>>> print(open('target23.txt').read())   # compact mmCIF, C-alpha atoms
# COMPACT_ATOMS: atom_id res chain seq x y z
CA MET A 1 41.74 65.18 -102.79
CA ARG A 2 43.66 68.33 -101.74
CA GLU A 3 44.56 68.91 -105.33
CA PHE A 4 40.92 68.50 -106.34
CA LEU A 5 39.79 71.07 -103.78
CA GLN A 6 42.49 73.55 -104.83
CA MET A 7 41.29 73.55 -108.47
CA GLY A 8 44.72 74.60 -109.72
CA GLY A 9 44.60 77.78 -107.65
CA TYR A 10 41.12 78.74 -108.83
CA ALA A 11 39.37 77.19 -105.83
CA PHE A 12 37.65 80.42 -104.79
CA TYR A 13 36.14 81.09 -108.23
CA VAL A 14 35.13 77.51 -109.01
CA TRP A 15 33.69 76.59 -105.63
CA THR A 16 31.91 79.91 -105.12
CA SER A 17 30.19 79.39 -108.49
CA TYR A 18 28.95 75.95 -107.53
CA ALA A 19 27.99 77.01 -103.99
CA VAL A 20 25.94 79.99 -105.19
CA ALA A 21 24.21 77.77 -107.75
CA ALA A 22 23.44 75.09 -105.15
CA VAL A 23 21.97 77.59 -102.70
CA ALA A 24 19.85 79.35 -105.34
CA LEU A 25 18.53 76.12 -106.87
CA ILE A 26 17.71 74.48 -103.54
CA ALA A 27 15.94 77.63 -102.34
CA ASN A 28 13.74 77.53 -105.44
CA ILE A 29 12.55 74.06 -104.45
CA VAL A 30 12.18 74.63 -100.70
CA VAL A 31 10.16 77.85 -101.01
CA PRO A 32 7.24 76.41 -103.05
CA LEU A 33 7.28 73.17 -100.99
CA ARG A 34 6.78 75.14 -97.77
CA GLN A 35 4.20 77.38 -99.40
CA HIS A 36 2.25 74.31 -100.56
CA ARG A 37 2.21 72.86 -97.05
CA ARG A 38 1.14 76.19 -95.52
CA LEU A 39 -1.63 76.69 -98.08
CA LEU A 40 -3.12 73.23 -97.54
CA ALA A 41 -2.94 73.60 -93.76
CA ARG A 42 -4.73 76.94 -93.92
CA ILE A 43 -7.46 75.59 -96.18
CA ALA A 44 -7.97 72.54 -93.94
CA ARG A 45 -8.12 74.74 -90.84
CA ARG A 46 -10.73 76.98 -92.43
CA ALA A 47 -12.82 73.97 -93.48
CA ARG A 48 -12.72 72.57 -89.94
CA ARG A 49 -13.78 75.92 -88.48
CA ARG A 50 -16.65 76.12 -90.96
CA SER A 51 -17.90 72.62 -90.17
CA ALA A 52 -17.59 73.34 -86.42
CA GLY A 53 -19.64 76.51 -86.84
CA GLU A 54 -22.53 74.75 -88.57
CA MET B 1 -14.28 67.06 -130.77
CA ASN B 2 -11.18 65.13 -131.66
CA ILE B 3 -9.07 63.31 -129.11
CA VAL B 4 -6.16 65.76 -129.07
CA VAL B 5 -8.38 68.77 -128.44
CA ARG B 6 -10.26 66.88 -125.74
CA TYR B 7 -6.99 65.88 -124.10
CA PHE B 8 -5.88 69.52 -123.97
CA HIS B 9 -9.18 70.41 -122.34
CA THR B 10 -8.61 67.77 -119.67
CA LEU B 11 -5.02 68.88 -119.22
CA GLY B 12 -6.26 72.45 -118.79
CA SER B 13 -8.52 71.49 -115.91
CA PRO B 14 -6.87 72.43 -112.60
CA PRO B 15 -7.78 69.28 -110.57
CA TYR B 16 -6.54 66.96 -113.33
CA PHE B 17 -3.34 68.96 -113.78
CA TYR B 18 -2.73 69.09 -110.04
CA ARG B 19 -2.93 65.32 -109.67
CA LEU B 20 -0.78 64.80 -112.77
CA ALA B 21 1.84 67.13 -111.27
CA GLN B 22 1.75 65.21 -107.98
CA ARG B 23 2.53 61.99 -109.83
CA LEU B 24 5.22 63.47 -112.08
CA ILE B 25 7.23 65.48 -109.54
CA PRO B 26 9.10 62.59 -107.83
CA TRP B 27 10.17 61.03 -111.17
CA LEU B 28 11.28 64.32 -112.63
CA ALA B 29 13.18 65.12 -109.44
CA ALA B 30 14.94 61.73 -109.52
CA ALA B 31 15.97 62.23 -113.17
CA CYS B 32 17.20 65.72 -112.33
CA ALA B 33 19.30 64.51 -109.39
CA ALA B 34 20.83 61.65 -111.39
CA LEU B 35 21.75 63.85 -114.36
CA ILE B 36 23.26 66.58 -112.21
CA ALA B 37 25.20 64.07 -110.10
CA GLY B 38 26.62 62.47 -113.27
CA GLY B 39 27.39 65.86 -114.81
CA LEU B 40 29.15 67.10 -111.66
CA TYR B 41 31.23 63.95 -111.36
CA LEU B 42 32.31 63.90 -115.01
CA GLY B 43 32.77 67.67 -115.14
CA LEU B 44 34.63 68.28 -111.90
CA VAL B 45 36.53 65.01 -111.51
CA GLU B 46 36.91 63.18 -114.82
CA ALA B 47 37.22 65.94 -117.42
CA PRO B 48 40.82 67.07 -118.03
CA PRO B 49 41.88 70.67 -117.33
CA ASP B 50 41.65 73.12 -120.22
CA TYR B 51 44.90 73.75 -122.12
CA GLN B 52 44.51 77.53 -121.83
CA GLN B 53 42.35 78.13 -118.78
CA GLY B 54 43.52 75.30 -116.51
CA GLU B 55 40.99 74.28 -113.88
CA SER B 56 39.06 77.58 -113.90
CA TYR B 57 37.14 76.53 -117.01
CA ARG B 58 35.16 74.06 -114.87
CA ILE B 59 32.79 76.94 -114.12
CA ILE B 60 31.48 76.24 -117.64
CA PHE B 61 29.44 73.28 -116.37
CA VAL B 62 27.24 75.53 -114.29
CA HIS B 63 27.58 78.78 -116.24
CA VAL B 64 26.59 77.65 -119.73
CA PRO B 65 23.58 75.49 -118.74
CA SER B 66 22.34 78.36 -116.54
CA ALA B 67 22.63 80.78 -119.44
CA TRP B 68 20.82 78.36 -121.79
CA MET B 69 18.04 77.92 -119.23
CA SER B 70 17.71 81.68 -118.77
CA LEU B 71 16.84 81.97 -122.47
CA PHE B 72 14.80 78.76 -122.73
CA ILE B 73 12.61 79.61 -119.73
CA TYR B 74 11.97 83.08 -121.12
CA VAL B 75 10.71 81.59 -124.38
CA VAL B 76 8.51 79.10 -122.48
CA MET B 77 7.18 81.93 -120.32
CA ALA B 78 6.32 84.05 -123.37
CA GLY B 79 4.79 81.01 -125.13
CA ALA B 80 2.63 80.21 -122.09
CA GLY B 81 1.71 83.90 -121.94
CA LEU B 82 0.58 83.81 -125.56
CA VAL B 83 -1.57 80.71 -124.93
CA ALA B 84 -3.01 82.43 -121.84
CA LEU B 85 -3.85 85.58 -123.81
CA VAL B 86 -5.41 83.83 -126.79
CA TRP B 87 -7.22 80.87 -125.22
CA ARG B 88 -7.54 82.04 -121.61
CA VAL B 89 -6.14 78.76 -120.29
CA LYS B 90 -5.67 79.05 -116.51
CA ILE B 91 -2.79 76.55 -116.43
CA ALA B 92 -0.93 78.55 -119.06
CA GLU B 93 -1.36 81.70 -116.98
CA ALA B 94 0.00 79.88 -113.93
CA MET B 95 2.94 78.53 -115.97
CA ALA B 96 3.89 81.93 -117.30
CA VAL B 97 3.78 83.47 -113.83
CA ALA B 98 5.60 80.54 -112.18
CA SER B 99 8.39 80.57 -114.78
CA ALA B 100 9.49 84.11 -113.94
CA PRO B 101 11.25 83.47 -110.59
CA ILE B 102 12.92 80.30 -111.92
CA GLY B 103 14.13 82.11 -115.03
CA ALA B 104 15.33 85.00 -112.90
CA THR B 105 17.30 82.53 -110.77
CA PHE B 106 19.07 81.05 -113.79
CA THR B 107 19.78 84.50 -115.23
CA PHE B 108 21.22 85.57 -111.89
CA LEU B 109 23.36 82.41 -111.82
CA ALA B 110 24.59 82.96 -115.38
CA LEU B 111 25.65 86.49 -114.43
CA VAL B 112 27.26 85.56 -111.10
CA THR B 113 29.14 82.50 -112.36
CA GLY B 114 30.17 84.47 -115.46
CA SER B 115 31.53 87.16 -113.20
CA LEU B 116 33.42 84.57 -111.14
CA TRP B 117 34.87 83.20 -114.37
CA GLY B 118 35.61 86.62 -115.85
CA LYS B 119 37.66 87.82 -112.91
CA PRO B 120 40.47 85.23 -113.21
CA MET B 121 40.33 84.98 -117.04
CA TRP B 122 39.62 88.54 -118.20
CA GLY B 123 40.83 90.33 -115.08
CA ALA B 124 37.44 92.00 -114.54
CA TRP B 125 34.29 91.03 -112.65
CA TRP B 126 32.15 92.92 -115.13
CA VAL B 127 32.47 94.64 -118.49
CA TRP B 128 29.69 96.47 -120.33
CA ASP B 129 29.89 94.33 -123.42
CA ALA B 130 26.95 93.24 -125.54
CA ARG B 131 26.54 89.70 -124.17
CA LEU B 132 26.75 90.68 -120.53
CA THR B 133 24.57 93.77 -120.91
CA SER B 134 21.81 91.97 -122.84
CA GLU B 135 21.81 89.18 -120.23
CA LEU B 136 21.45 91.83 -117.51
CA VAL B 137 18.49 93.28 -119.42
CA LEU B 138 17.00 89.76 -119.36
CA LEU B 139 17.28 89.73 -115.56
CA PHE B 140 15.45 93.08 -115.43
CA LEU B 141 12.73 91.70 -117.72
CA TYR B 142 12.19 88.76 -115.37
CA LEU B 143 12.15 91.07 -112.34
CA GLY B 144 9.74 93.34 -114.21
CA VAL B 145 7.39 90.41 -114.81
CA ILE B 146 7.52 89.46 -111.11
CA ALA B 147 6.96 93.06 -109.96
CA LEU B 148 4.11 93.65 -112.43
CA TYR B 149 2.33 90.48 -111.33
CA GLY B 150 2.66 91.54 -107.71
CA ALA B 151 1.41 95.07 -108.41
CA ILE B 152 -1.99 94.14 -109.86
CA GLU B 153 -4.63 93.02 -107.40
CA ASP B 154 -6.80 90.85 -109.67
CA ARG B 155 -4.86 87.64 -110.43
CA ARG B 156 -6.27 87.08 -113.90
CA THR B 157 -5.73 90.68 -115.03
CA ALA B 158 -2.23 90.48 -113.57
CA ALA B 159 -1.48 87.28 -115.51
CA ARG B 160 -2.63 88.90 -118.76
CA ALA B 161 -0.51 92.00 -118.16
CA VAL B 162 2.47 89.77 -117.42
CA ALA B 163 1.89 87.82 -120.64
CA VAL B 164 2.02 91.02 -122.71
CA LEU B 165 5.24 92.17 -121.02
CA ALA B 166 6.82 88.71 -121.52
CA LEU B 167 5.91 88.74 -125.23
CA VAL B 168 7.36 92.19 -125.80
CA GLY B 169 10.58 91.12 -124.09
CA VAL B 170 11.09 88.20 -126.49
CA VAL B 171 12.90 90.65 -128.77
CA ASN B 172 15.83 90.48 -126.33
CA ILE B 173 16.33 86.72 -126.82
CA PRO B 174 17.91 86.76 -130.32
CA ILE B 175 19.88 89.84 -129.26
CA ILE B 176 21.46 87.85 -126.42
CA HIS B 177 22.13 84.82 -128.60
CA TYR B 178 23.71 86.71 -131.50
CA SER B 179 25.36 89.42 -129.40
CA VAL B 180 28.72 87.65 -129.60
CA GLU B 181 28.53 87.66 -133.41
CA TRP B 182 26.96 91.07 -134.05
CA TRP B 183 29.30 93.05 -131.84
CA ASN B 184 32.92 92.76 -130.84
CA THR B 185 32.66 91.36 -127.38
CA LEU B 186 35.02 90.12 -124.74
CA HIS B 187 32.73 87.13 -124.28
CA GLN B 188 33.76 84.15 -126.37
CA GLY B 189 31.61 82.96 -129.25
CA PRO B 190 29.42 79.85 -129.16
CA THR B 191 31.29 76.56 -128.83
CA VAL B 192 28.34 74.17 -128.85
CA THR B 193 25.31 75.80 -130.52
CA LYS B 194 26.76 76.47 -133.95
CA PHE B 195 26.46 74.86 -137.34
CA ASP B 196 29.88 73.17 -137.41
CA ALA B 197 30.80 70.43 -135.00
CA PRO B 198 31.09 71.82 -131.46
CA SER B 199 34.61 73.09 -130.75
CA ILE B 200 34.75 71.42 -127.37
CA HIS B 201 36.24 68.04 -126.59
CA ILE B 202 33.82 65.18 -126.00
CA SER B 203 35.11 64.65 -122.44
CA MET B 204 33.92 68.20 -121.65
CA LEU B 205 30.86 68.16 -123.90
CA ILE B 206 29.23 65.16 -122.19
CA PRO B 207 29.22 66.64 -118.66
CA LEU B 208 28.03 69.95 -120.13
CA LEU B 209 25.07 68.26 -121.81
CA LEU B 210 24.32 66.19 -118.69
CA MET B 211 24.18 69.36 -116.60
CA ALA B 212 21.98 71.05 -119.21
CA ALA B 213 19.58 68.07 -119.22
CA GLY B 214 19.61 68.05 -115.41
CA PHE B 215 18.71 71.75 -115.37
CA MET B 216 15.84 71.06 -117.78
CA PHE B 217 14.39 68.52 -115.37
CA TYR B 218 15.06 70.92 -112.52
CA TYR B 219 12.99 73.55 -114.33
CA ALA B 220 10.16 71.05 -114.80
CA VAL B 221 10.17 70.21 -111.08
CA ALA B 222 10.43 73.82 -109.89
CA LEU B 223 7.72 74.85 -112.35
CA LEU B 224 5.28 72.13 -111.29
CA LEU B 225 5.89 72.88 -107.61
CA ARG B 226 4.98 76.52 -108.18
CA VAL B 227 2.05 75.84 -110.51
CA ARG B 228 0.68 73.42 -107.90
CA CYS B 229 0.66 76.22 -105.29
CA ALA B 230 -0.89 78.68 -107.74
CA LEU B 231 -3.73 76.28 -108.58
CA ILE B 232 -4.59 75.61 -104.95
CA ASP B 233 -4.36 79.26 -104.06
CA ARG B 234 -6.59 80.34 -106.92
CA GLU B 235 -9.21 77.62 -106.43
CA GLN B 236 -9.17 77.41 -102.64
CA GLY B 237 -12.95 77.65 -102.39
CA SER B 238 -13.55 74.69 -104.70
CA LYS B 239 -14.46 71.15 -103.78
CA TRP B 240 -11.34 69.43 -105.17
CA VAL B 241 -8.99 71.67 -103.19
CA GLY B 242 -11.03 70.98 -100.06
CA GLU B 243 -10.64 67.25 -100.67
CA ILE B 244 -6.88 67.52 -101.11
CA ALA B 245 -6.52 69.65 -97.98
CA GLY B 246 -8.67 67.08 -96.15
CA GLU B 247 -6.46 64.18 -97.30
CA LYS B 248 -3.30 65.91 -96.10
CA ALA B 249 -4.68 67.04 -92.74
>>> encode(input="target23.txt", output="structure tokens")
Amino acid sequence: MREFLQMGGYAFYVWTSYAVAAVALIANIVVPLRQHRRLLARIARRARRRSAGE
Amino acid sequence: MNIVVRYFHTLGSPPYFYRLAQRLIPWLAAACAALIAGGLYLGLVEAPPDYQQGESYRIIFVHVPSAWMSLFIYVVMAGAGLVALVWRVKIAEAMAVASAPIGATFTFLALVTGSLWGKPMWGAWWVWDARLTSELVLLFLYLGVIALYGAIEDRRTAARAVAVLALVGVVNIPIIHYSVEWWNTLHQGPTVTKFDAPSIHISMLIPLLLMAAGFMFYYAVALLLRVRCALIDREQGSKWVGEIAGEKA
């Protein structure tokens, strides 16, 4: 396990590459998911307000 | 009207496409996770170290698929842009616009992981050679598309402007691909995408292809997630969006 993590002395380069990729790819999923939820909530809120106003 | 044309008309309708995306996303995400998990395991654990580069070469499994995706997504973006310009299909507009940030992410990753690979192997984080420079131009093209879309108020005009910019930028794609053959570069030549058999051992090729397939599915998921938002945003006054918002609330 230690040997695996050390990557033959290249640990910094190898693991930084994978960490940056993981962060960037996860962010690209989380951002539109949250935007989707926010959009639907806003539309539902506006519809409720409209029906309350009638 | 024949069946194929009619199917494309249905597919081009935002409510139909939205519901199709809803159904597809979990399956595509599961395939993506499985492929990437398999690729990571085979690439980081099972594959032997390289005879010249030792363990550092393992960056290949994230670097090369990212670079492939950066080119592939650009071509898809330009293709969707062309469809949007010629046939005014709303979904195609949304796809072109939604592809830009995902493509920019992969281009950024190709550059960063390349840099992290270049430092121990070449002794430099960055060199102004043809491959690296043309890939950097690709990043600027993506950022240009994003900025241009944001700068124009009317969404449909913005999407058309973006499509034109994306199409003009296609000229950069063959330049990137052939840069390692046309110029003397520090970057190594292709090992997989060439006419002879790939000059990479099968134990390294399989994880590389698994990661590439995983990234393809990732792109599909990320694209659908963004297109979904774009459709709701653009059609927020319509009945079908109201129904969906009502279901969720």
>>> interface_residues(input="target23.txt", of="chain B", to="chain A", cutoff="8 Å", atoms="all atoms listed in the file", output="ChimeraX atom specification")
/B:45,54-56,58-59,62,102,105,109,112-113,116-117,120,222,225-226,228-229,232-233,236,242,244-246,248-249
>>> residues_around(input="target23.txt", residues="region 170-187 of chain B", least_positions_apart="2", cutoff="9 Å", atoms="only C-alpha atoms", output="list in words")
Leu71, Tyr74, Val75, Ala78, Gly118, Trp122, Val127, Asp129, Ala130, Arg131, Leu132, Thr133, Ser134, Glu135, Val137, Leu138, Leu165, Ala166, Leu167, Val168, Gly189 and Pro190 of chain B
>>> residues_around(input="target23.txt", residues="Val86 (chain B)", least_positions_apart="6", cutoff="12 Å", atoms="only C-alpha atoms", output="PyMOL selection string")
chain B and resi 79-80+92-93+160+163-164
>>> atom_distance(input="target23.txt", atom1="CA of Ser99 (chain B)", atom2="CA of Val241 (chain B)")
22.7 Å
>>> atom_distance(input="target23.txt", atom1="CA of Ile91 (chain B)", atom2="CA of Gln22 (chain B)")
14.9 Å
>>> residues_around(input="target23.txt", residues="region 4-13 of chain B", least_positions_apart="4", cutoff="12 Å", atoms="only C-alpha atoms", output="compact mmCIF listing (two decimals) with C-alpha atoms, keeping the file's coordinate frame")
# COMPACT_ATOMS: atom_id res chain seq x y z
CA PHE B 17 -3.34 68.96 -113.78
CA TYR B 18 -2.73 69.09 -110.04
CA ARG B 19 -2.93 65.32 -109.67
CA LEU B 20 -0.78 64.80 -112.77
CA ALA B 21 1.84 67.13 -111.27
CA VAL B 83 -1.57 80.71 -124.93
CA ALA B 84 -3.01 82.43 -121.84
CA TRP B 87 -7.22 80.87 -125.22
CA ARG B 88 -7.54 82.04 -121.61
CA VAL B 89 -6.14 78.76 -120.29
CA LYS B 90 -5.67 79.05 -116.51
CA ILE B 91 -2.79 76.55 -116.43
CA ALA B 92 -0.93 78.55 -119.06
CA GLU B 93 -1.36 81.70 -116.98
CA ALA B 94 0.00 79.88 -113.93
CA MET B 95 2.94 78.53 -115.97
CA LEU B 231 -3.73 76.28 -108.58
CA GLU B 235 -9.21 77.62 -106.43
CA TRP B 240 -11.34 69.43 -105.17
>>> atom_distance(input="target23.txt", atom1="CA of Gly81 (chain B)", atom2="CA of Val162 (chain B)")
7.4 Å
